[in-house]
Amino acid sequence: MLAVSEHLDRFGDAAVAVVTFTPADQVPDRLAAHRRHLGVPFPILSDPTLDAYHRFGFGRGSRRQVWNPGTLALYGRLLRRGRRLERSDQDIRQLGGDVVLDAEGIEVEVFRPPSPDARPSIDALVAAVERAR
């Protein structure tokens, strides 16, 4: 999992946000623990209609993509650290990604990982932000 919050200074004046499809009225309750766990100081935006997900081509993954060895290893590490996993009522097969837009909102780079555990490196994200400037 990316430790973006540990590298925020590398993003300069770029605006960073998390987008989730959790309904807005549930975001504070559902994501408070997630926000603390990740240490994210930036806004969490709600997109329950998946408009942004569709706009950037983030589709649903197959069971094999979602429950791949990397994802299972990630959950194993969380359990070893004492994290209790709970059954989700959200669409766990909805894949996410990372998007870098320029100041006018034009896509500079869209990272569409093939599975939940395959995220771009901090260096790749910072390079895209620099290209956006």
# chains A, B, ... in the order shown; residues from 1 in each chain; ligands from 1
>>> select_by_dssp(residues="chain A", states="helix (DSSP H, G or I)", output="PyMOL selection string")
chain A and resi 4-11+27-38+51-55+63-66+69-80+122-132
>>> write_last_selection(atoms="N, CA and C atoms", output="short mmCIF file (atom, residue, chain, number, x, y, z; two decimals), in the first residue's frame")
data_model
loop_
_atom_site.label_atom_id
_atom_site.label_comp_id
_atom_site.auth_asym_id
_atom_site.auth_seq_id
_atom_site.Cartn_x
_atom_site.Cartn_y
_atom_site.Cartn_z
N VAL A 4 1.60 7.47 0.81
CA VAL A 4 1.62 8.80 0.21
C VAL A 4 1.79 9.86 1.28
N SER A 5 1.14 9.69 2.41
CA SER A 5 1.19 10.72 3.45
C SER A 5 2.61 10.96 3.95
N GLU A 6 3.47 9.97 3.82
CA GLU A 6 4.87 10.13 4.24
C GLU A 6 5.70 10.88 3.20
N HIS A 7 5.13 11.14 2.03
CA HIS A 7 5.86 11.78 0.94
C HIS A 7 5.15 13.01 0.40
N LEU A 8 4.24 13.58 1.17
CA LEU A 8 3.45 14.71 0.67
C LEU A 8 4.31 15.88 0.23
N ASP A 9 5.44 16.08 0.91
CA ASP A 9 6.31 17.21 0.53
C ASP A 9 6.81 17.07 -0.90
N ARG A 10 6.91 15.86 -1.42
CA ARG A 10 7.38 15.63 -2.79
C ARG A 10 6.35 16.05 -3.84
N PHE A 11 5.09 16.22 -3.43
CA PHE A 11 4.03 16.60 -4.36
C PHE A 11 3.89 18.11 -4.51
N VAL A 27 -19.42 8.39 4.66
CA VAL A 27 -17.97 8.60 4.59
C VAL A 27 -17.35 8.87 5.95
N PRO A 28 -17.89 9.78 6.76
CA PRO A 28 -17.22 10.04 8.04
C PRO A 28 -17.11 8.79 8.91
N ASP A 29 -18.21 8.02 9.03
CA ASP A 29 -18.19 6.83 9.88
C ASP A 29 -17.32 5.72 9.30
N ARG A 30 -17.54 5.40 8.05
CA ARG A 30 -16.85 4.26 7.45
C ARG A 30 -15.38 4.50 7.20
N LEU A 31 -15.02 5.71 6.87
CA LEU A 31 -13.64 5.95 6.47
C LEU A 31 -12.76 6.59 7.54
N ALA A 32 -13.32 6.89 8.69
CA ALA A 32 -12.50 7.50 9.74
C ALA A 32 -11.35 6.58 10.13
N ALA A 33 -11.63 5.31 10.31
CA ALA A 33 -10.57 4.36 10.67
C ALA A 33 -9.58 4.19 9.52
N HIS A 34 -10.10 4.15 8.30
CA HIS A 34 -9.24 4.01 7.13
C HIS A 34 -8.33 5.24 7.00
N ARG A 35 -8.90 6.40 7.22
CA ARG A 35 -8.13 7.64 7.14
C ARG A 35 -7.03 7.65 8.19
N ARG A 36 -7.35 7.24 9.42
CA ARG A 36 -6.32 7.17 10.47
C ARG A 36 -5.25 6.15 10.12
N HIS A 37 -5.67 4.99 9.62
CA HIS A 37 -4.73 3.92 9.26
C HIS A 37 -3.75 4.40 8.20
N LEU A 38 -4.25 5.09 7.18
CA LEU A 38 -3.39 5.58 6.11
C LEU A 38 -2.68 6.89 6.47
N ASP A 51 -19.31 7.85 -11.17
CA ASP A 51 -19.04 8.68 -12.35
C ASP A 51 -17.54 8.82 -12.61
N ALA A 52 -16.77 9.15 -11.58
CA ALA A 52 -15.32 9.31 -11.76
C ALA A 52 -14.67 7.98 -12.12
N TYR A 53 -15.12 6.90 -11.49
CA TYR A 53 -14.56 5.58 -11.80
C TYR A 53 -14.77 5.26 -13.28
N HIS A 54 -15.98 5.50 -13.78
CA HIS A 54 -16.26 5.23 -15.20
C HIS A 54 -15.49 6.18 -16.10
N ARG A 55 -15.43 7.44 -15.71
CA ARG A 55 -14.73 8.46 -16.52
C ARG A 55 -13.27 8.07 -16.76
N ARG A 63 -12.94 -12.10 -9.74
CA ARG A 63 -12.58 -12.63 -8.41
C ARG A 63 -11.09 -12.92 -8.35
N ARG A 64 -10.53 -13.43 -9.44
CA ARG A 64 -9.10 -13.75 -9.49
C ARG A 64 -8.25 -12.49 -9.35
N GLN A 65 -8.67 -11.40 -9.99
CA GLN A 65 -7.92 -10.15 -9.88
C GLN A 65 -7.96 -9.61 -8.44
N VAL A 66 -9.15 -9.64 -7.85
CA VAL A 66 -9.32 -9.06 -6.52
C VAL A 66 -8.69 -9.92 -5.44
N PRO A 69 -2.77 -13.42 -5.05
CA PRO A 69 -1.80 -13.63 -3.97
C PRO A 69 -1.32 -12.34 -3.30
N GLY A 70 -1.16 -11.27 -4.05
CA GLY A 70 -0.71 -10.01 -3.46
C GLY A 70 -1.74 -9.42 -2.50
N THR A 71 -3.01 -9.49 -2.88
CA THR A 71 -4.07 -8.98 -2.00
C THR A 71 -4.17 -9.84 -0.75
N LEU A 72 -4.10 -11.16 -0.91
CA LEU A 72 -4.16 -12.05 0.25
C LEU A 72 -2.97 -11.80 1.18
N ALA A 73 -1.79 -11.55 0.61
CA ALA A 73 -0.61 -11.25 1.44
C ALA A 73 -0.81 -9.94 2.20
N LEU A 74 -1.40 -8.94 1.54
CA LEU A 74 -1.67 -7.66 2.20
C LEU A 74 -2.59 -7.87 3.39
N TYR A 75 -3.67 -8.62 3.21
CA TYR A 75 -4.59 -8.88 4.31
C TYR A 75 -3.88 -9.68 5.41
N GLY A 76 -3.01 -10.61 5.05
CA GLY A 76 -2.25 -11.36 6.04
C GLY A 76 -1.39 -10.44 6.89
N ARG A 77 -0.73 -9.46 6.25
CA ARG A 77 0.10 -8.50 7.00
C ARG A 77 -0.75 -7.67 7.95
N LEU A 78 -1.92 -7.26 7.48
CA LEU A 78 -2.82 -6.47 8.33
C LEU A 78 -3.28 -7.28 9.54
N LEU A 79 -3.63 -8.54 9.32
CA LEU A 79 -4.06 -9.40 10.43
C LEU A 79 -2.93 -9.61 11.44
N ARG A 80 -1.70 -9.80 10.95
CA ARG A 80 -0.56 -9.98 11.86
C ARG A 80 -0.30 -8.73 12.69
N ILE A 122 5.50 5.88 -5.60
CA ILE A 122 5.51 7.31 -5.28
C ILE A 122 6.26 8.06 -6.37
N ASP A 123 7.38 7.50 -6.83
CA ASP A 123 8.17 8.16 -7.87
C ASP A 123 7.36 8.36 -9.15
N ALA A 124 6.55 7.36 -9.53
CA ALA A 124 5.73 7.48 -10.74
C ALA A 124 4.66 8.56 -10.56
N LEU A 125 4.06 8.62 -9.38
CA LEU A 125 3.06 9.64 -9.12
C LEU A 125 3.68 11.04 -9.11
N VAL A 126 4.83 11.19 -8.46
CA VAL A 126 5.50 12.49 -8.41
C VAL A 126 5.91 12.93 -9.82
N ALA A 127 6.40 12.00 -10.63
CA ALA A 127 6.79 12.33 -12.01
C ALA A 127 5.58 12.82 -12.80
N ALA A 128 4.43 12.19 -12.62
CA ALA A 128 3.21 12.62 -13.32
C ALA A 128 2.78 14.00 -12.84
N VAL A 129 2.90 14.26 -11.55
CA VAL A 129 2.56 15.59 -11.02
C VAL A 129 3.49 16.64 -11.62
N GLU A 130 4.76 16.32 -11.73
CA GLU A 130 5.72 17.27 -12.33
C GLU A 130 5.38 17.54 -13.80
N ARG A 131 4.94 16.50 -14.54
CA ARG A 131 4.53 16.70 -15.93
C ARG A 131 3.28 17.57 -16.00
N ALA A 132 2.42 17.48 -14.99
CA ALA A 132 1.19 18.26 -14.96
C ALA A 132 1.46 19.76 -14.80
#
>>> select_by_dssp(residues="chain A", states="strand (DSSP E)", output="PyMOL selection string")
chain A and resi 18-20+44-46+98-101+107-111
>>> closest_residue(among="A:Thr49, A:Gln94, A:Ser88, A:Asn68", to="Asp117 in chain A", atoms="only C-alpha atoms")
A:Asn68
>>> residues_around(residues="Gln90 in chain A", least_positions_apart="2", cutoff="12 Å", atoms="only C-alpha atoms", output="PyMOL selection string")
chain A and resi 20-23+26+30+48+86-88+92-95
>>> write_last_selection(atoms="all heavy atoms", output="compact mmCIF listing (two decimals), in the first residue's frame")
# COMPACT_ATOMS: atom_id res chain seq x y z
N THR A 20 -13.96 7.86 -3.14
CA THR A 20 -14.54 6.57 -2.80
C THR A 20 -15.98 6.52 -3.31
O THR A 20 -16.58 7.56 -3.56
CB THR A 20 -14.53 6.36 -1.26
OG1 THR A 20 -15.18 5.12 -0.96
CG2 THR A 20 -15.25 7.47 -0.53
N PHE A 21 -16.51 5.32 -3.46
CA PHE A 21 -17.91 5.22 -3.87
C PHE A 21 -18.82 5.01 -2.68
O PHE A 21 -20.02 4.79 -2.82
CB PHE A 21 -18.13 4.15 -4.95
CG PHE A 21 -17.61 2.78 -4.61
CD1 PHE A 21 -18.38 1.88 -3.91
CD2 PHE A 21 -16.34 2.40 -5.02
CE1 PHE A 21 -17.90 0.61 -3.61
CE2 PHE A 21 -15.86 1.14 -4.74
CZ PHE A 21 -16.64 0.24 -4.03
N THR A 22 -18.27 5.14 -1.49
CA THR A 22 -19.09 5.10 -0.28
C THR A 22 -20.00 6.32 -0.29
O THR A 22 -19.53 7.43 -0.54
CB THR A 22 -18.19 5.13 0.97
OG1 THR A 22 -17.33 3.99 0.95
CG2 THR A 22 -19.01 5.12 2.24
N PRO A 23 -21.30 6.15 -0.03
CA PRO A 23 -22.21 7.32 -0.01
C PRO A 23 -21.73 8.39 0.97
O PRO A 23 -21.20 8.08 2.03
CB PRO A 23 -23.55 6.72 0.43
CG PRO A 23 -23.47 5.28 0.00
CD PRO A 23 -22.02 4.89 0.18
N GLN A 26 -22.13 8.28 4.66
CA GLN A 26 -21.44 7.22 5.37
C GLN A 26 -19.93 7.45 5.44
O GLN A 26 -19.24 6.76 6.16
CB GLN A 26 -21.70 5.87 4.70
CG GLN A 26 -23.14 5.45 4.74
CD GLN A 26 -23.35 4.14 3.99
OE1 GLN A 26 -22.41 3.44 3.63
NE2 GLN A 26 -24.61 3.82 3.76
N ARG A 30 -17.54 5.40 8.05
CA ARG A 30 -16.85 4.26 7.45
C ARG A 30 -15.38 4.50 7.20
O ARG A 30 -14.59 3.58 7.25
CB ARG A 30 -17.52 3.88 6.13
CG ARG A 30 -18.84 3.24 6.32
CD ARG A 30 -19.40 2.85 4.97
NE ARG A 30 -20.59 2.09 5.19
CZ ARG A 30 -20.69 0.79 4.93
NH1 ARG A 30 -19.70 0.15 4.42
NH2 ARG A 30 -21.81 0.16 5.17
N PRO A 48 -20.76 7.93 -5.15
CA PRO A 48 -21.55 6.69 -5.09
C PRO A 48 -22.12 6.25 -6.43
O PRO A 48 -22.45 5.08 -6.60
CB PRO A 48 -22.68 7.03 -4.10
CG PRO A 48 -22.78 8.51 -4.13
CD PRO A 48 -21.38 9.01 -4.41
N GLU A 86 -13.34 -6.84 8.47
CA GLU A 86 -14.79 -6.95 8.55
C GLU A 86 -15.36 -7.17 7.15
O GLU A 86 -14.81 -6.69 6.17
CB GLU A 86 -15.39 -5.68 9.15
CG GLU A 86 -14.95 -5.44 10.57
CD GLU A 86 -15.52 -4.17 11.15
OE1 GLU A 86 -16.51 -3.65 10.59
OE2 GLU A 86 -14.98 -3.70 12.16
N ARG A 87 -16.48 -7.87 7.09
CA ARG A 87 -17.16 -8.09 5.82
C ARG A 87 -17.66 -6.75 5.30
O ARG A 87 -18.23 -5.96 6.03
CB ARG A 87 -18.30 -9.07 6.00
CG ARG A 87 -19.01 -9.40 4.70
CD ARG A 87 -20.09 -10.44 4.89
NE ARG A 87 -19.58 -11.70 5.39
CZ ARG A 87 -19.07 -12.66 4.63
NH1 ARG A 87 -18.99 -12.49 3.33
NH2 ARG A 87 -18.65 -13.78 5.16
N SER A 88 -17.45 -6.51 4.04
CA SER A 88 -17.87 -5.25 3.44
C SER A 88 -19.22 -5.40 2.76
O SER A 88 -19.51 -6.44 2.16
CB SER A 88 -16.83 -4.81 2.39
OG SER A 88 -17.26 -3.64 1.74
N ILE A 92 -16.65 -5.02 -3.48
CA ILE A 92 -15.21 -5.24 -3.32
C ILE A 92 -14.50 -5.54 -4.64
O ILE A 92 -13.28 -5.54 -4.70
CB ILE A 92 -14.91 -6.36 -2.30
CG1 ILE A 92 -15.49 -7.69 -2.77
CG2 ILE A 92 -15.43 -5.98 -0.92
CD1 ILE A 92 -15.05 -8.88 -1.95
N ARG A 93 -15.26 -5.77 -5.69
CA ARG A 93 -14.64 -6.02 -6.99
C ARG A 93 -14.45 -4.74 -7.81
O ARG A 93 -13.84 -4.79 -8.88
CB ARG A 93 -15.47 -7.05 -7.76
CG ARG A 93 -15.34 -8.42 -7.08
CD ARG A 93 -16.14 -9.51 -7.74
NE ARG A 93 -15.99 -9.53 -9.18
CZ ARG A 93 -16.85 -10.14 -9.99
NH1 ARG A 93 -17.89 -10.77 -9.51
NH2 ARG A 93 -16.66 -10.13 -11.29
N GLN A 94 -14.92 -3.60 -7.30
CA GLN A 94 -14.70 -2.33 -8.01
C GLN A 94 -13.24 -1.94 -7.85
O GLN A 94 -12.75 -1.75 -6.76
CB GLN A 94 -15.59 -1.22 -7.44
CG GLN A 94 -15.34 0.14 -8.06
CD GLN A 94 -15.56 0.16 -9.57
OE1 GLN A 94 -16.61 -0.20 -10.06
NE2 GLN A 94 -14.56 0.58 -10.31
N LEU A 95 -12.56 -1.85 -8.98
CA LEU A 95 -11.14 -1.47 -8.96
C LEU A 95 -11.01 0.04 -8.91
O LEU A 95 -11.84 0.77 -9.45
CB LEU A 95 -10.43 -2.02 -10.19
CG LEU A 95 -10.38 -3.54 -10.31
CD1 LEU A 95 -9.77 -3.95 -11.64
CD2 LEU A 95 -9.61 -4.15 -9.15
>>> closest_residue(among="A:Val19, A:Phe58, A:Ala24, A:Gly97", to="Ile44 in chain A", atoms="only C-alpha atoms")
A:Val19
>>> closest_residue(among="A:Glu104, A:Gly96, A:Val110, A:Arg119", to="Gly59 in chain A", atoms="only C-alpha atoms")
A:Gly96
>>> atom_distance(atom1="CA of Arg112 in chain A", atom2="CA of Ser62 in chain A")
14.4 Å
